[in-house]
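Visitor: mmCIF, C-alpha atoms, file run_7.cif:
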```cif
data_work
loop_
_atom_site.label_atom_id
_atom_site.label_comp_id
_atom_site.auth_asym_id
_atom_site.auth_seq_id
_atom_site.Cartn_x
_atom_site.Cartn_y
_atom_site.Cartn_z
CA MET A 1 32.00 -56.03 80.45
CA ASN A 2 28.45 -55.65 81.65
CA ARG A 3 26.41 -52.54 81.02
CA ARG A 4 26.99 -50.17 78.17
CA SER A 5 30.26 -48.53 78.93
CA PRO A 6 32.25 -45.76 77.34
CA SER A 7 34.74 -46.97 74.77
CA VAL A 8 37.55 -48.70 76.57
CA PRO A 9 41.12 -47.65 76.15
CA GLN A 10 43.33 -44.71 75.54
CA SER A 11 46.43 -46.35 74.17
CA ARG A 12 49.89 -46.04 72.80
CA ILE A 13 50.98 -46.38 69.15
CA ARG A 14 52.08 -49.94 68.52
CA ARG A 15 55.09 -51.23 66.65
CA PRO A 16 55.14 -50.06 63.01
CA SER A 17 54.81 -53.57 61.62
CA VAL A 18 51.59 -54.26 63.52
CA LEU A 19 50.22 -50.79 62.82
CA THR A 20 50.89 -51.20 59.12
CA VAL A 21 48.89 -54.44 59.06
CA ALA A 22 46.05 -52.82 61.01
CA ALA A 23 46.04 -49.80 58.70
CA ALA A 24 45.78 -51.96 55.60
CA LEU A 25 42.97 -53.99 57.10
CA ALA A 26 41.08 -50.90 58.22
CA ALA A 27 41.38 -49.26 54.81
CA LEU A 28 40.21 -52.42 53.08
CA ALA A 29 37.23 -52.82 55.39
CA ALA A 30 36.27 -49.18 54.95
CA THR A 31 35.80 -49.67 51.21
CA ALA A 32 33.80 -52.90 51.43
CA PRO A 33 30.02 -52.73 50.94
CA ALA A 34 28.01 -53.35 54.09
CA GLN A 35 24.51 -54.72 54.48
CA ALA A 36 22.30 -52.69 56.81
CA HIS A 37 21.64 -53.92 60.34
CA THR A 38 18.98 -51.52 61.66
CA PRO A 39 17.93 -52.63 65.17
CA SER A 40 14.25 -51.74 64.85
CA ALA A 41 13.97 -53.59 61.53
CA LEU A 42 15.52 -56.84 62.74
CA PRO A 43 13.37 -59.89 63.56
CA ALA A 44 12.38 -60.20 67.21
CA LEU A 45 12.70 -63.56 68.96
CA THR A 46 11.30 -64.38 72.38
CA PRO A 47 12.88 -66.57 75.05
CA ARG A 48 11.28 -69.76 76.33
CA ALA A 49 12.73 -69.52 79.82
CA GLU A 50 14.96 -67.42 82.07
CA THR A 51 17.17 -68.19 85.05
CA PRO A 52 16.51 -66.75 88.51
CA PRO A 53 17.90 -63.19 88.80
CA LEU A 54 21.40 -62.60 90.10
CA TYR A 55 22.14 -59.55 92.25
CA ASP A 56 25.51 -57.81 92.29
CA ASP A 57 25.28 -56.63 95.89
CA GLU A 58 26.25 -57.97 99.30
CA ALA A 59 22.89 -59.60 99.88
CA GLY A 60 23.15 -61.34 96.52
CA GLY A 61 26.72 -62.53 97.05
CA ASN A 62 28.06 -60.03 94.50
CA ALA A 63 26.76 -62.28 91.74
CA ASP A 64 26.69 -60.79 88.24
CA ALA A 65 25.71 -62.92 85.23
CA ASP A 66 28.29 -62.91 82.46
CA ASP A 67 28.90 -65.89 80.17
CA PRO A 68 27.18 -69.28 79.55
CA ALA A 69 28.18 -72.66 78.10
CA ILE A 70 25.91 -75.58 77.17
CA TRP A 71 26.85 -79.13 78.21
CA ARG A 72 24.94 -81.89 76.41
CA ASP A 73 24.08 -85.18 78.09
CA THR A 74 24.55 -87.52 75.14
CA ALA A 75 22.68 -90.37 76.89
CA GLU A 76 19.68 -88.24 77.91
CA PRO A 77 19.75 -84.91 76.04
CA GLY A 78 16.79 -83.59 78.03
CA ARG A 79 19.02 -83.67 81.14
CA SER A 80 21.63 -81.38 79.61
CA LEU A 81 22.96 -78.41 81.58
CA VAL A 82 23.92 -74.78 81.22
CA VAL A 83 27.04 -73.70 83.12
CA ALA A 84 27.36 -69.95 83.59
CA THR A 85 29.63 -67.45 85.30
CA ALA A 86 28.44 -65.05 88.00
CA LYS A 87 31.74 -63.18 88.53
CA GLU A 88 32.39 -62.92 92.30
CA GLY A 89 29.38 -65.19 92.69
CA GLY A 90 31.34 -68.03 91.03
CA LEU A 91 29.54 -70.50 88.76
CA ARG A 92 25.86 -71.37 88.42
CA VAL A 93 24.55 -74.57 86.85
CA TYR A 94 21.03 -74.70 85.40
CA ASP A 95 18.85 -77.41 83.89
CA LEU A 96 16.95 -76.89 80.64
CA ASP A 97 14.02 -75.43 82.55
CA ALA A 98 16.46 -72.70 83.67
CA ARG A 99 16.27 -73.90 87.28
CA GLN A 100 19.46 -73.69 89.33
CA VAL A 101 20.89 -77.08 90.26
CA GLN A 102 24.27 -76.00 91.68
CA SER A 103 26.14 -72.90 92.84
CA VAL A 104 29.95 -73.06 92.94
CA PRO A 105 31.66 -70.25 94.88
CA ALA A 106 34.67 -68.43 93.50
CA PRO A 107 37.76 -68.93 95.68
CA ALA A 108 38.96 -66.15 97.94
CA GLY A 109 42.21 -64.29 97.40
CA PRO A 110 45.29 -65.84 99.00
CA ALA A 111 45.42 -63.25 101.80
CA PRO A 112 43.19 -60.54 103.30
CA GLY A 113 43.20 -57.52 101.03
CA ASP A 114 44.02 -59.53 97.90
CA ALA A 115 41.56 -59.57 95.01
CA PRO A 116 38.87 -62.24 95.45
CA GLY A 117 38.11 -64.85 92.82
CA ARG A 118 35.96 -63.55 89.96
CA PHE A 119 34.79 -65.88 87.21
CA ASN A 120 34.51 -64.07 83.92
CA ASN A 121 34.03 -66.49 80.99
CA VAL A 122 33.37 -70.21 80.72
CA ASP A 123 33.76 -72.85 78.00
CA LEU A 124 33.77 -76.64 77.75
CA VAL A 125 36.29 -79.34 76.86
CA HIS A 126 34.93 -82.76 76.00
CA GLY A 127 36.61 -86.08 76.72
CA LEU A 128 39.92 -84.78 78.06
CA LYS A 129 42.13 -87.71 79.02
CA LEU A 130 42.91 -87.39 82.74
CA SER A 131 44.86 -89.73 84.98
CA THR A 132 41.49 -90.96 86.30
CA GLY A 133 39.92 -91.42 82.85
CA ARG A 134 38.32 -89.24 80.22
CA ALA A 135 36.10 -86.41 81.39
CA ASP A 136 34.14 -83.41 80.20
CA LEU A 137 35.32 -80.18 81.81
CA ALA A 138 33.92 -76.72 82.40
CA VAL A 139 36.81 -74.24 82.14
CA THR A 140 36.52 -70.73 83.53
CA SER A 141 38.76 -67.67 83.57
CA ASP A 142 39.26 -66.53 87.17
CA ARG A 143 39.96 -62.85 86.64
CA GLY A 144 40.38 -62.25 90.37
CA ASN A 145 43.24 -64.73 90.72
CA ASP A 146 44.55 -64.60 87.10
CA ARG A 147 44.16 -68.31 86.55
CA LEU A 148 42.09 -70.86 84.69
CA ARG A 149 39.98 -73.18 86.82
CA PHE A 150 38.67 -76.59 85.80
CA TYR A 151 35.52 -78.41 86.90
CA ARG A 152 34.76 -82.00 86.02
CA VAL A 153 31.18 -82.55 84.82
CA ASP A 154 29.32 -85.52 86.32
CA ARG A 155 25.58 -85.12 85.81
CA ASP A 156 24.58 -87.47 88.63
CA ARG A 157 27.19 -86.62 91.26
CA PRO A 158 25.59 -86.07 94.69
CA GLY A 159 25.89 -82.42 95.64
CA GLY A 160 25.96 -81.16 92.06
CA PRO A 161 27.50 -82.00 88.69
CA LEU A 162 30.67 -79.86 88.98
CA THR A 163 33.79 -80.86 90.90
CA ASP A 164 36.88 -78.64 91.09
CA VAL A 165 39.85 -80.46 89.54
CA THR A 166 42.19 -77.47 89.13
CA ASP A 167 45.87 -78.28 89.63
CA PRO A 168 46.87 -76.43 92.83
CA ALA A 169 50.16 -75.52 91.13
CA ALA A 170 48.42 -73.67 88.26
CA ALA A 171 50.33 -70.43 87.69
CA PRO A 172 48.97 -66.96 86.90
CA VAL A 173 48.26 -66.51 83.20
CA PHE A 174 49.59 -62.96 82.80
CA SER A 175 50.87 -61.71 86.17
CA ALA A 176 54.34 -62.04 87.68
CA GLY A 177 53.12 -61.89 91.27
CA GLN A 178 50.26 -61.06 93.62
CA ASP A 179 50.74 -57.29 93.32
CA GLU A 180 50.15 -57.52 89.57
CA ILE A 181 47.19 -59.81 90.14
CA ASN A 182 45.65 -57.24 92.49
CA ASP A 183 45.94 -54.66 89.68
CA GLN A 184 43.51 -56.94 87.78
CA ARG A 185 45.12 -56.90 84.35
CA THR A 186 44.38 -60.57 84.43
CA ALA A 187 42.71 -63.47 82.61
CA TYR A 188 39.47 -62.21 81.07
CA GLY A 189 37.94 -63.67 77.90
CA LEU A 190 38.21 -67.40 77.19
CA ALA A 191 37.67 -69.96 74.44
CA THR A 192 38.68 -73.64 74.38
CA TRP A 193 39.07 -76.19 71.62
CA THR A 194 40.62 -79.56 70.83
CA ASP A 195 42.88 -79.97 67.81
CA ARG A 196 41.34 -82.78 65.75
CA LYS A 197 44.71 -83.80 64.29
CA THR A 198 46.66 -84.13 67.53
CA GLY A 199 43.92 -84.61 70.13
CA ARG A 200 45.50 -81.90 72.29
CA SER A 201 43.25 -79.37 74.00
CA TYR A 202 43.91 -75.65 74.31
CA ALA A 203 42.53 -72.41 75.67
CA VAL A 204 42.96 -68.92 74.33
CA VAL A 205 42.72 -66.29 77.04
CA SER A 206 42.57 -62.52 76.72
CA GLN A 207 44.01 -60.02 79.19
CA ARG A 208 41.83 -57.40 80.83
CA GLU A 209 42.59 -53.78 79.79
CA ARG A 210 45.18 -55.01 77.29
CA THR A 211 45.08 -56.28 73.70
CA ARG A 212 47.05 -59.42 74.53
CA ILE A 213 45.79 -62.96 73.89
CA ALA A 214 47.60 -66.02 75.28
CA LEU A 215 47.58 -69.60 73.97
CA LEU A 216 47.59 -72.24 76.72
CA GLU A 217 47.85 -76.01 76.34
CA LEU A 218 45.72 -77.92 78.87
CA LEU A 219 47.70 -80.56 80.74
CA PRO A 220 46.41 -83.46 82.85
CA GLY A 221 48.04 -83.63 86.26
CA ARG A 222 48.10 -86.07 89.13
CA SER A 223 44.96 -87.52 90.73
CA GLY A 224 42.70 -86.29 87.97
CA THR A 225 43.69 -82.62 88.17
CA VAL A 226 44.19 -80.27 85.20
CA GLY A 227 46.75 -77.51 84.66
CA TYR A 228 48.19 -75.66 81.69
CA ARG A 229 51.31 -74.17 80.14
CA LYS A 230 51.59 -70.98 78.14
CA LEU A 231 52.80 -71.49 74.56
CA ARG A 232 52.74 -67.98 73.08
CA THR A 233 50.99 -64.62 73.09
CA LEU A 234 49.75 -62.22 70.44
CA ASP A 235 48.94 -58.50 70.74
CA LEU A 236 46.15 -57.09 68.62
CA PRO A 237 46.49 -53.45 67.54
CA SER A 238 45.53 -50.66 69.92
CA SER A 239 45.82 -47.85 67.36
CA PHE A 240 44.57 -47.78 63.78
CA ARG A 241 45.33 -45.88 60.58
CA LEU A 242 42.09 -44.51 59.10
CA PRO A 243 41.37 -44.15 55.36
CA ASP A 244 41.97 -40.40 55.55
CA GLY A 245 45.52 -41.03 56.77
CA SER A 246 44.90 -40.08 60.40
CA SER A 247 45.55 -42.36 63.37
CA TRP A 248 42.75 -43.39 65.73
CA THR A 249 42.83 -44.89 69.20
CA PRO A 250 39.59 -45.82 70.97
CA CYS A 251 38.82 -43.45 73.82
CA GLY A 252 38.82 -44.75 77.36
CA GLU A 253 40.28 -44.45 80.81
CA PRO A 254 43.95 -43.41 80.65
CA GLY A 255 46.31 -46.38 80.72
CA GLN A 256 43.79 -48.90 79.40
CA LEU A 257 44.01 -50.50 75.96
CA PRO A 258 41.09 -51.80 73.85
CA GLN A 259 40.53 -55.21 75.38
CA VAL A 260 39.14 -58.46 73.98
CA GLU A 261 36.53 -60.50 75.81
CA GLY A 262 34.16 -62.49 73.62
CA MET A 263 35.95 -65.32 71.78
CA VAL A 264 35.06 -68.59 70.09
CA VAL A 265 37.09 -71.18 68.16
CA ASP A 266 35.79 -73.14 65.17
CA PRO A 267 37.27 -76.61 65.84
CA ALA A 268 36.85 -77.69 62.22
CA ASN A 269 39.63 -75.40 60.99
CA GLY A 270 41.19 -73.89 64.11
CA THR A 271 39.85 -70.39 63.47
CA LEU A 272 39.55 -68.00 66.39
CA TYR A 273 36.99 -65.21 66.32
CA ALA A 274 37.70 -62.47 68.85
CA GLY A 275 35.67 -59.40 69.71
CA GLN A 276 37.81 -56.36 70.48
CA GLU A 277 35.10 -54.50 72.33
CA ASP A 278 35.50 -50.98 70.92
CA VAL A 279 37.04 -51.96 67.58
CA GLY A 280 35.29 -54.91 65.94
CA LEU A 281 35.37 -58.61 65.13
CA TRP A 282 38.72 -60.27 64.33
CA ARG A 283 39.45 -63.58 62.61
CA LEU A 284 42.79 -65.27 63.27
CA ASP A 285 44.37 -68.68 63.63
CA ALA A 286 43.70 -70.12 67.06
CA ASP A 287 47.36 -71.10 67.44
CA LEU A 288 48.08 -67.34 67.30
CA THR A 289 50.19 -67.53 64.15
CA GLY A 290 49.60 -65.67 60.92
CA THR A 291 48.01 -62.26 60.37
CA PRO A 292 44.70 -61.34 62.05
CA ALA A 293 41.92 -60.00 59.81
CA LEU A 294 39.38 -57.43 60.98
CA ILE A 295 36.21 -58.79 59.37
CA ASP A 296 33.77 -56.20 60.75
CA LYS A 297 33.98 -52.97 62.71
CA VAL A 298 31.80 -51.30 65.30
CA ARG A 299 29.84 -48.25 64.19
CA GLU A 300 31.99 -46.13 66.50
CA TYR A 301 35.21 -47.13 64.75
CA GLY A 302 37.23 -44.00 64.03
CA VAL A 303 35.13 -41.67 66.20
CA PRO A 304 37.43 -39.45 68.30
CA GLY A 305 36.68 -39.07 71.97
CA THR A 306 37.83 -37.18 75.05
CA TYR A 307 37.80 -38.91 78.42
CA ASP A 308 36.02 -36.96 81.17
CA GLU A 309 37.55 -37.65 84.59
CA GLU A 310 34.42 -36.46 86.42
CA THR A 311 31.86 -38.55 84.57
CA GLU A 312 34.31 -41.38 83.77
CA GLU A 313 32.87 -41.40 80.27
CA CYS A 314 34.06 -40.44 76.82
CA ASP A 315 32.68 -37.39 75.06
CA PRO A 316 32.57 -38.35 71.36
CA GLY A 317 33.61 -36.05 68.55
CA ALA A 318 32.29 -35.93 65.01
CA ASP A 319 31.82 -39.30 63.31
CA PRO A 320 34.10 -39.46 60.23
CA GLY A 321 32.02 -42.30 58.79
CA PHE A 322 34.60 -45.09 58.87
CA GLY A 323 32.66 -47.45 61.14
CA GLY A 324 30.71 -50.59 60.34
CA LYS A 325 26.95 -51.06 59.99
CA ARG A 326 26.13 -54.09 62.13
CA LEU A 327 27.87 -53.82 65.51
CA ALA A 328 27.51 -51.19 68.20
CA ALA A 329 30.20 -51.14 70.86
CA ASP A 330 30.79 -53.18 72.76
CA VAL A 331 31.28 -56.34 70.69
CA GLU A 332 30.67 -58.94 73.38
CA GLY A 333 29.54 -62.56 73.49
CA LEU A 334 30.61 -64.73 70.53
CA THR A 335 29.35 -68.22 69.84
CA LEU A 336 29.41 -70.71 66.97
CA VAL A 337 26.44 -72.45 65.34
CA THR A 338 27.64 -75.49 63.43
CA GLU A 339 25.72 -77.48 60.79
CA PRO A 340 26.43 -81.05 59.64
CA ASP A 341 27.34 -80.00 56.10
CA GLY A 342 30.01 -77.60 57.36
CA ASP A 343 27.84 -74.52 57.11
CA GLY A 344 26.91 -72.45 60.13
CA TYR A 345 27.26 -69.06 61.71
CA VAL A 346 29.34 -66.99 64.06
CA LEU A 347 26.95 -65.06 66.31
CA ALA A 348 28.09 -61.81 67.93
CA SER A 349 26.37 -59.79 70.61
CA SER A 350 26.11 -56.12 69.61
CA GLN A 351 25.82 -54.84 73.16
CA GLY A 352 25.40 -51.18 72.28
CA ASP A 353 22.06 -51.66 70.51
CA ASP A 354 20.78 -54.91 72.10
CA THR A 355 21.01 -56.97 68.90
CA PHE A 356 22.85 -60.01 67.56
CA ALA A 357 24.70 -60.28 64.25
CA ALA A 358 25.23 -63.52 62.31
CA TYR A 359 28.23 -64.10 60.03
CA ASP A 360 28.86 -67.01 57.68
CA ARG A 361 31.09 -69.57 59.35
CA GLU A 362 33.02 -70.34 56.17
CA ARG A 363 36.31 -68.50 55.73
CA GLY A 364 36.07 -69.08 51.98
CA ASP A 365 33.03 -66.80 51.94
CA ASP A 366 35.00 -64.23 53.96
CA ASN A 367 32.58 -64.61 56.86
CA GLU A 368 29.99 -62.44 55.14
CA TYR A 369 27.14 -60.97 57.17
CA GLU A 370 23.99 -63.11 57.00
CA GLY A 371 21.49 -61.22 59.15
CA GLY A 372 20.61 -60.29 62.69
CA PHE A 373 17.92 -60.47 65.36
CA ARG A 374 16.83 -59.22 68.74
CA VAL A 375 15.67 -61.11 71.84
CA THR A 376 12.61 -59.31 73.15
CA ALA A 377 10.07 -59.82 75.93
CA ALA A 378 7.78 -62.84 75.77
CA SER A 379 5.48 -61.48 78.49
CA GLY A 380 5.33 -58.98 81.31
CA THR A 381 7.38 -61.29 83.49
CA LEU A 382 9.69 -62.85 80.89
CA ASP A 383 11.71 -60.01 79.38
CA GLY A 384 14.24 -60.07 76.56
CA ALA A 385 18.02 -59.60 76.58
CA GLN A 386 19.55 -56.17 76.97
CA GLU A 387 23.23 -55.21 76.99
CA CYS A 388 24.14 -58.85 76.37
CA ASP A 389 27.58 -59.81 77.62
CA GLY A 390 27.81 -63.49 76.71
CA ALA A 391 26.16 -66.17 74.56
CA ALA A 392 26.35 -69.89 73.82
CA ALA A 393 24.65 -71.96 71.10
CA LEU A 394 24.40 -75.70 70.56
CA ASN A 395 22.88 -77.13 67.39
CA ALA A 396 21.84 -80.55 68.68
CA PRO A 397 18.65 -82.08 70.10
CA LEU A 398 18.16 -81.14 73.74
CA GLY A 399 14.96 -82.84 74.80
CA ALA A 400 11.35 -81.97 74.12
CA GLU A 401 11.59 -78.23 74.71
CA TYR A 402 14.66 -77.66 72.49
CA PRO A 403 14.52 -80.43 69.86
CA HIS A 404 16.63 -78.42 67.40
CA GLY A 405 19.09 -76.87 69.81
CA LEU A 406 19.44 -73.95 72.18
CA LEU A 407 20.81 -70.42 72.33
CA VAL A 408 21.54 -69.01 75.79
CA VAL A 409 22.19 -65.28 76.10
CA GLN A 410 23.12 -63.13 79.07
CA ASP A 411 20.65 -60.42 80.02
CA GLY A 412 22.42 -57.40 81.47
CA ASP A 413 19.21 -55.72 82.62
CA GLU A 414 16.89 -58.30 84.15
CA THR A 415 13.36 -56.97 84.65
CA PRO A 416 11.06 -56.54 86.41
CA GLN A 417 13.37 -55.41 89.21
CA VAL A 418 12.65 -56.18 92.85
CA SER A 419 12.89 -53.33 95.38
CA GLY A 420 15.05 -51.33 92.97
CA ARG A 421 17.87 -53.91 92.95
CA GLU A 422 19.59 -54.15 89.57
CA ALA A 423 19.70 -57.74 88.37
CA THR A 424 21.17 -59.88 85.59
CA GLY A 425 20.45 -63.38 84.33
CA PHE A 426 20.28 -65.66 81.29
CA LYS A 427 17.59 -66.23 78.65
CA PHE A 428 16.96 -69.53 76.82
CA VAL A 429 15.94 -69.25 73.14
CA ARG A 430 15.08 -72.08 70.74
CA LEU A 431 17.88 -72.31 68.18
CA ASP A 432 15.50 -73.21 65.35
CA ASP A 433 13.87 -69.79 65.87
CA VAL A 434 17.29 -68.22 65.34
CA MET A 435 18.01 -70.31 62.24
CA ASP A 436 14.64 -69.44 60.72
CA VAL A 437 15.28 -65.70 60.82
CA VAL A 438 18.95 -65.86 59.85
CA LYS A 439 18.32 -68.11 56.85
CA ASP A 440 15.40 -66.05 55.51
#
```
Write the structure described by the file as structure tokens, please.
Guide:
Amino acid sequence: MNRRSPSVPQSRIRRPSVLTVAAALAALAATAPAQAHTPSALPALTPRAETPPLYDDEAGGNADADDPAIWRDTAEPGRSLVVATAKEGGLRVYDLDARQVQSVPAPAGPAPGDAPGRFNNVDLVHGLKLSTGRADLAVTSDRGNDRLRFYRVDRDRPGGPLTDVTDPAAAPVFSAGQDEINDQRTAYGLATWTDRKTGRSYAVVSQRERTRIALLELLPGRSGTVGYRKLRTLDLPSSFRLPDGSSWTPCGEPGQLPQVEGMVVDPANGTLYAGQEDVGLWRLDADLTGTPALIDKVREYGVPGTYDEETEECDPGADPGFGGKRLAADVEGLTLVTEPDGDGYVLASSQGDDTFAAYDRERGDDNEYEGGFRVTAASGTLDGAQECDGAAALNAPLGAEYPHGLLVVQDGDETPQVSGREATGFKFVRLDDVMDVVKD
């Protein structure tokens, strides 16, 4: 979700078995030592480039930057691309100079008055075997229509590198019909991966305003199209037992539960990292089996709140001191930095304080916190990243400007503004700058 928002979700008490697991995890995390993550003390990195601003108004096509993915041209890495979502504005494709090379509109709703297409998150699948041959795909969650949509990547295709290859028969991910789709408790966060043992490709998709995550297998269709089938779902907790024995539910608009958006899968071991926006960072098996582990919590964890109907915000109560030290709600964009020796990092956007937290990629080290950083202004015209909603990293050579890789982060408050219009966009940061400050 863009902008700093009040904690999402008033919720109901979940089944005792799930609540018991959540309580044990919360109590364990509350006793673990935590390294400080003070925003003003963190290293400041500057971007090398930024995309043109997107405007979430009628004149701007209701375009609102959200989530990026980096596609690498293995033959000519300097011609690699960044694919990014713009919500009702569809998809944008940029080159490594952050110049737009293609705009793909989101589809309309099926009938007048139905919710329009709205692209929330995007990820990539490489070398999927289609009926027309293997292809790289950009996959996006269409929140407006509650579906996944697939775009074949062809760098040199006339008219732009992306071609829609979505199976027309693709069914809603969570909704039973159009009325439920219009309520917009639909496909939201997204992460894809390919199982190295079986070669099968999957997507995990979260549901807006719910704690549910669905596992989908991606299926080639006729004439080069791509669809999917749902295998199973998992519900994360919506209420938590605190160390003092009380029960806590994140405050939010009545009827909403603490949703998940940012997600990433480590393909080496099938581990899913999921950011429950007002709760913290979860680690679980990407096939949605086993017991999820809450590996870090937001600072606001355990803080009671009262929802104010007039302001549509939560008035917080006294902080009982059960929260974490590194993340300020919302936990948003998650991305993975891999290294050849198996090391690497999970990066999380701490939207509430405009910082990023890095965690060890290795489960054997319990994903310990490794450090953090900020993305700040490089000049009066090239600002940093505020209220970051999405991020993508690729640790591979990408031409002369990014010889050691690239980090792309969403900027939820693009400045300077033009004629008072609020804008969003994406910032490009050299990945070696990130690695230097995290490894220090």
Visitor: For Phe322 in chain A, which of A:Asp266, A:Gly364, A:Gly344, A:Phe240 is the closest residue, counting all atoms listed in the file?
Guide: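 The answer is A:Phe240, which sits nearest to Phe322 in chain A.
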Visitor: List the residues matched by the PyMOL selection byres ((chain A and resi 425-435) around 6) in the displayed structure as a list in words, ordered by chain and then by residue number.
Guide: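 Taken on the displayed file, the PyMOL selection byres ((chain A and resi 425-435) around 6) yields the residues Pro47, Arg48, Ala49, Glu50, Thr51, Pro53, Leu54, Ala65, Tyr402, His404, Gly405, Leu406, Leu407, Val408, Val409, Gln410, Asp411, Thr424, Asp436, Val437, Val438 and Lys439 of chain A.
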Visitor: Only C-alpha atoms, please: the residues just picked out, written as a compact mmCIF listing (two decimals), in the coordinates of the input.
Guide:
```txt
# COMPACT_ATOMS: atom_id res chain seq x y z
CA PRO A 47 12.88 -66.57 75.05
CA ARG A 48 11.28 -69.76 76.33
CA ALA A 49 12.73 -69.52 79.82
CA GLU A 50 14.96 -67.42 82.07
CA THR A 51 17.17 -68.19 85.05
CA PRO A 53 17.90 -63.19 88.80
CA LEU A 54 21.40 -62.60 90.10
CA ALA A 65 25.71 -62.92 85.23
CA TYR A 402 14.66 -77.66 72.49
CA HIS A 404 16.63 -78.42 67.40
CA GLY A 405 19.09 -76.87 69.81
CA LEU A 406 19.44 -73.95 72.18
CA LEU A 407 20.81 -70.42 72.33
CA VAL A 408 21.54 -69.01 75.79
CA VAL A 409 22.19 -65.28 76.10
CA GLN A 410 23.12 -63.13 79.07
CA ASP A 411 20.65 -60.42 80.02
CA THR A 424 21.17 -59.88 85.59
CA ASP A 436 14.64 -69.44 60.72
CA VAL A 437 15.28 -65.70 60.82
CA VAL A 438 18.95 -65.86 59.85
CA LYS A 439 18.32 -68.11 56.85
```
Visitor: For range 56-71 of chain A, I'd like the enclosing box, axis-aligned and padded by 3 Å on every side, reported as JSON with centre and edge lengths in Å to one decimal.
Guide:
```
{"center_x": 25.9, "center_y": -67.9, "center_z": 88.5, "size_x": 12.0, "size_y": 28.5, "size_z": 28.7}
```
Visitor: For CA of Gly160 in chain A and CA of Leu394 in chain A, quote the distance in Å rounded to one decimal.
Guide: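 Calculated distance between CA of Gly160 in chain A and CA of Leu394 in chain A is 22.2 Å.
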Visitor: What lies within 7 Å of range 288-304 of chain A using all atoms listed in the file, ignoring chain neighbours under 5 positions off, as a ChimeraX atom specification?
Guide: /A:25,234,242,248,251,278-283,316-320,322-325,327-329
Visitor: I need the residues from that last selection saved to file as an mmCIF file, in the frame of the given file (with C-alpha atoms), if you can.
Guide:
```
data_model
loop_
_atom_site.group_PDB
_atom_site.id
_atom_site.type_symbol
_atom_site.label_atom_id
_atom_site.label_comp_id
_atom_site.auth_asym_id
_atom_site.auth_seq_id
_atom_site.Cartn_x
_atom_site.Cartn_y
_atom_site.Cartn_z
ATOM 1 C CA LEU A 25 42.970 -53.990 57.100
ATOM 2 C CA LEU A 234 49.750 -62.220 70.440
ATOM 3 C CA LEU A 242 42.090 -44.510 59.100
ATOM 4 C CA TRP A 248 42.750 -43.390 65.730
ATOM 5 C CA CYS A 251 38.820 -43.450 73.820
ATOM 6 C CA ASP A 278 35.500 -50.980 70.920
ATOM 7 C CA VAL A 279 37.040 -51.960 67.580
ATOM 8 C CA GLY A 280 35.290 -54.910 65.940
ATOM 9 C CA LEU A 281 35.370 -58.610 65.130
ATOM 10 C CA TRP A 282 38.720 -60.270 64.330
ATOM 11 C CA ARG A 283 39.450 -63.580 62.610
ATOM 12 C CA PRO A 316 32.570 -38.350 71.360
ATOM 13 C CA GLY A 317 33.610 -36.050 68.550
ATOM 14 C CA ALA A 318 32.290 -35.930 65.010
ATOM 15 C CA ASP A 319 31.820 -39.300 63.310
ATOM 16 C CA PRO A 320 34.100 -39.460 60.230
ATOM 17 C CA PHE A 322 34.600 -45.090 58.870
ATOM 18 C CA GLY A 323 32.660 -47.450 61.140
ATOM 19 C CA GLY A 324 30.710 -50.590 60.340
ATOM 20 C CA LYS A 325 26.950 -51.060 59.990
ATOM 21 C CA LEU A 327 27.870 -53.820 65.510
ATOM 22 C CA ALA A 328 27.510 -51.190 68.200
ATOM 23 C CA ALA A 329 30.200 -51.140 70.860
#
```
Visitor: Between CA of Glu368 in chain A and CA of Tyr345 in chain A, what is the distance, to one decimal in Å?
Guide: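 Computing the Euclidean distance for CA of Glu368 in chain A and CA of Tyr345 in chain A yields 9.7 Å.
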Visitor: From the list A:Leu236, A:Ala169, A:Gly189, A:Gln259, which residue is nearest Arg210 in chain A when using all atoms listed in the file?
Guide: A:Gln259
Visitor: Could you build a table of the residues in range 85-127 of chain A lying no more than 12 Å from range 378-389 of chain A, giving for each the nearest pair of atoms and their separation in Å rounded to one decimal place, using all atoms listed in the file, ordered by chain and ascending residue number, as JSON lines?
Guide:
```
{"residue": "A:Thr85", "atom": "CA", "partner": "A:Asp389", "partner_atom": "CA", "distance": 11.0}
{"residue": "A:Ala86", "atom": "CA", "partner": "A:Asp389", "partner_atom": "CA", "distance": 11.7}
{"residue": "A:Asn120", "atom": "CA", "partner": "A:Asp389", "partner_atom": "CA", "distance": 10.3}
{"residue": "A:Asn121", "atom": "CA", "partner": "A:Asp389", "partner_atom": "CA", "distance": 9.9}
```
Visitor: Nearest to Val204 in chain A among A:Gly262, A:Gly109, A:Pro68, A:Gly372, with distances taken over all atoms listed in the file: which residue is it?
Guide: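 Looking at the shortest contact to Val204 in chain A, the residue is A:Gly262.
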Visitor: Taking (37.1, -84.5, 76.2) in the file's own coordinates, collect the residues within 12 Å, counting only C-alpha atoms, and hand them back as a ChimeraX atom specification.
Guide: /A:71,124-130,133-139,152-153,192-196,199-202,218,220
Visitor: To one decimal place in Å, what is the distance between CA of Val260 in chain A and CA of Ser206 in chain A?
Guide: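 Rounded to one decimal, the two atoms are 6.0 Å apart.
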Visitor: Measuring between all atoms listed in the file, which one of A:Asp164, A:Asp154, A:Asp66, A:Glu313 shows the shortest distance to Ala84 in chain A?
Guide: A:Asp66
Visitor: Have a look at A:Glu277, A:Asp365, A:Asp95, A:Asp285 and name the one nearest to Val331 in chain A; count all atoms listed in the file.
Guide: A:Glu277
Visitor: Compile the contact shell of Tyr369 in chain A as a PyMOL selection string: residues with an atom at most 7 Å away, counting only C-alpha atoms, same-chain residues fewer than 5 positions apart removed.
Guide: chain A and resi 358-360
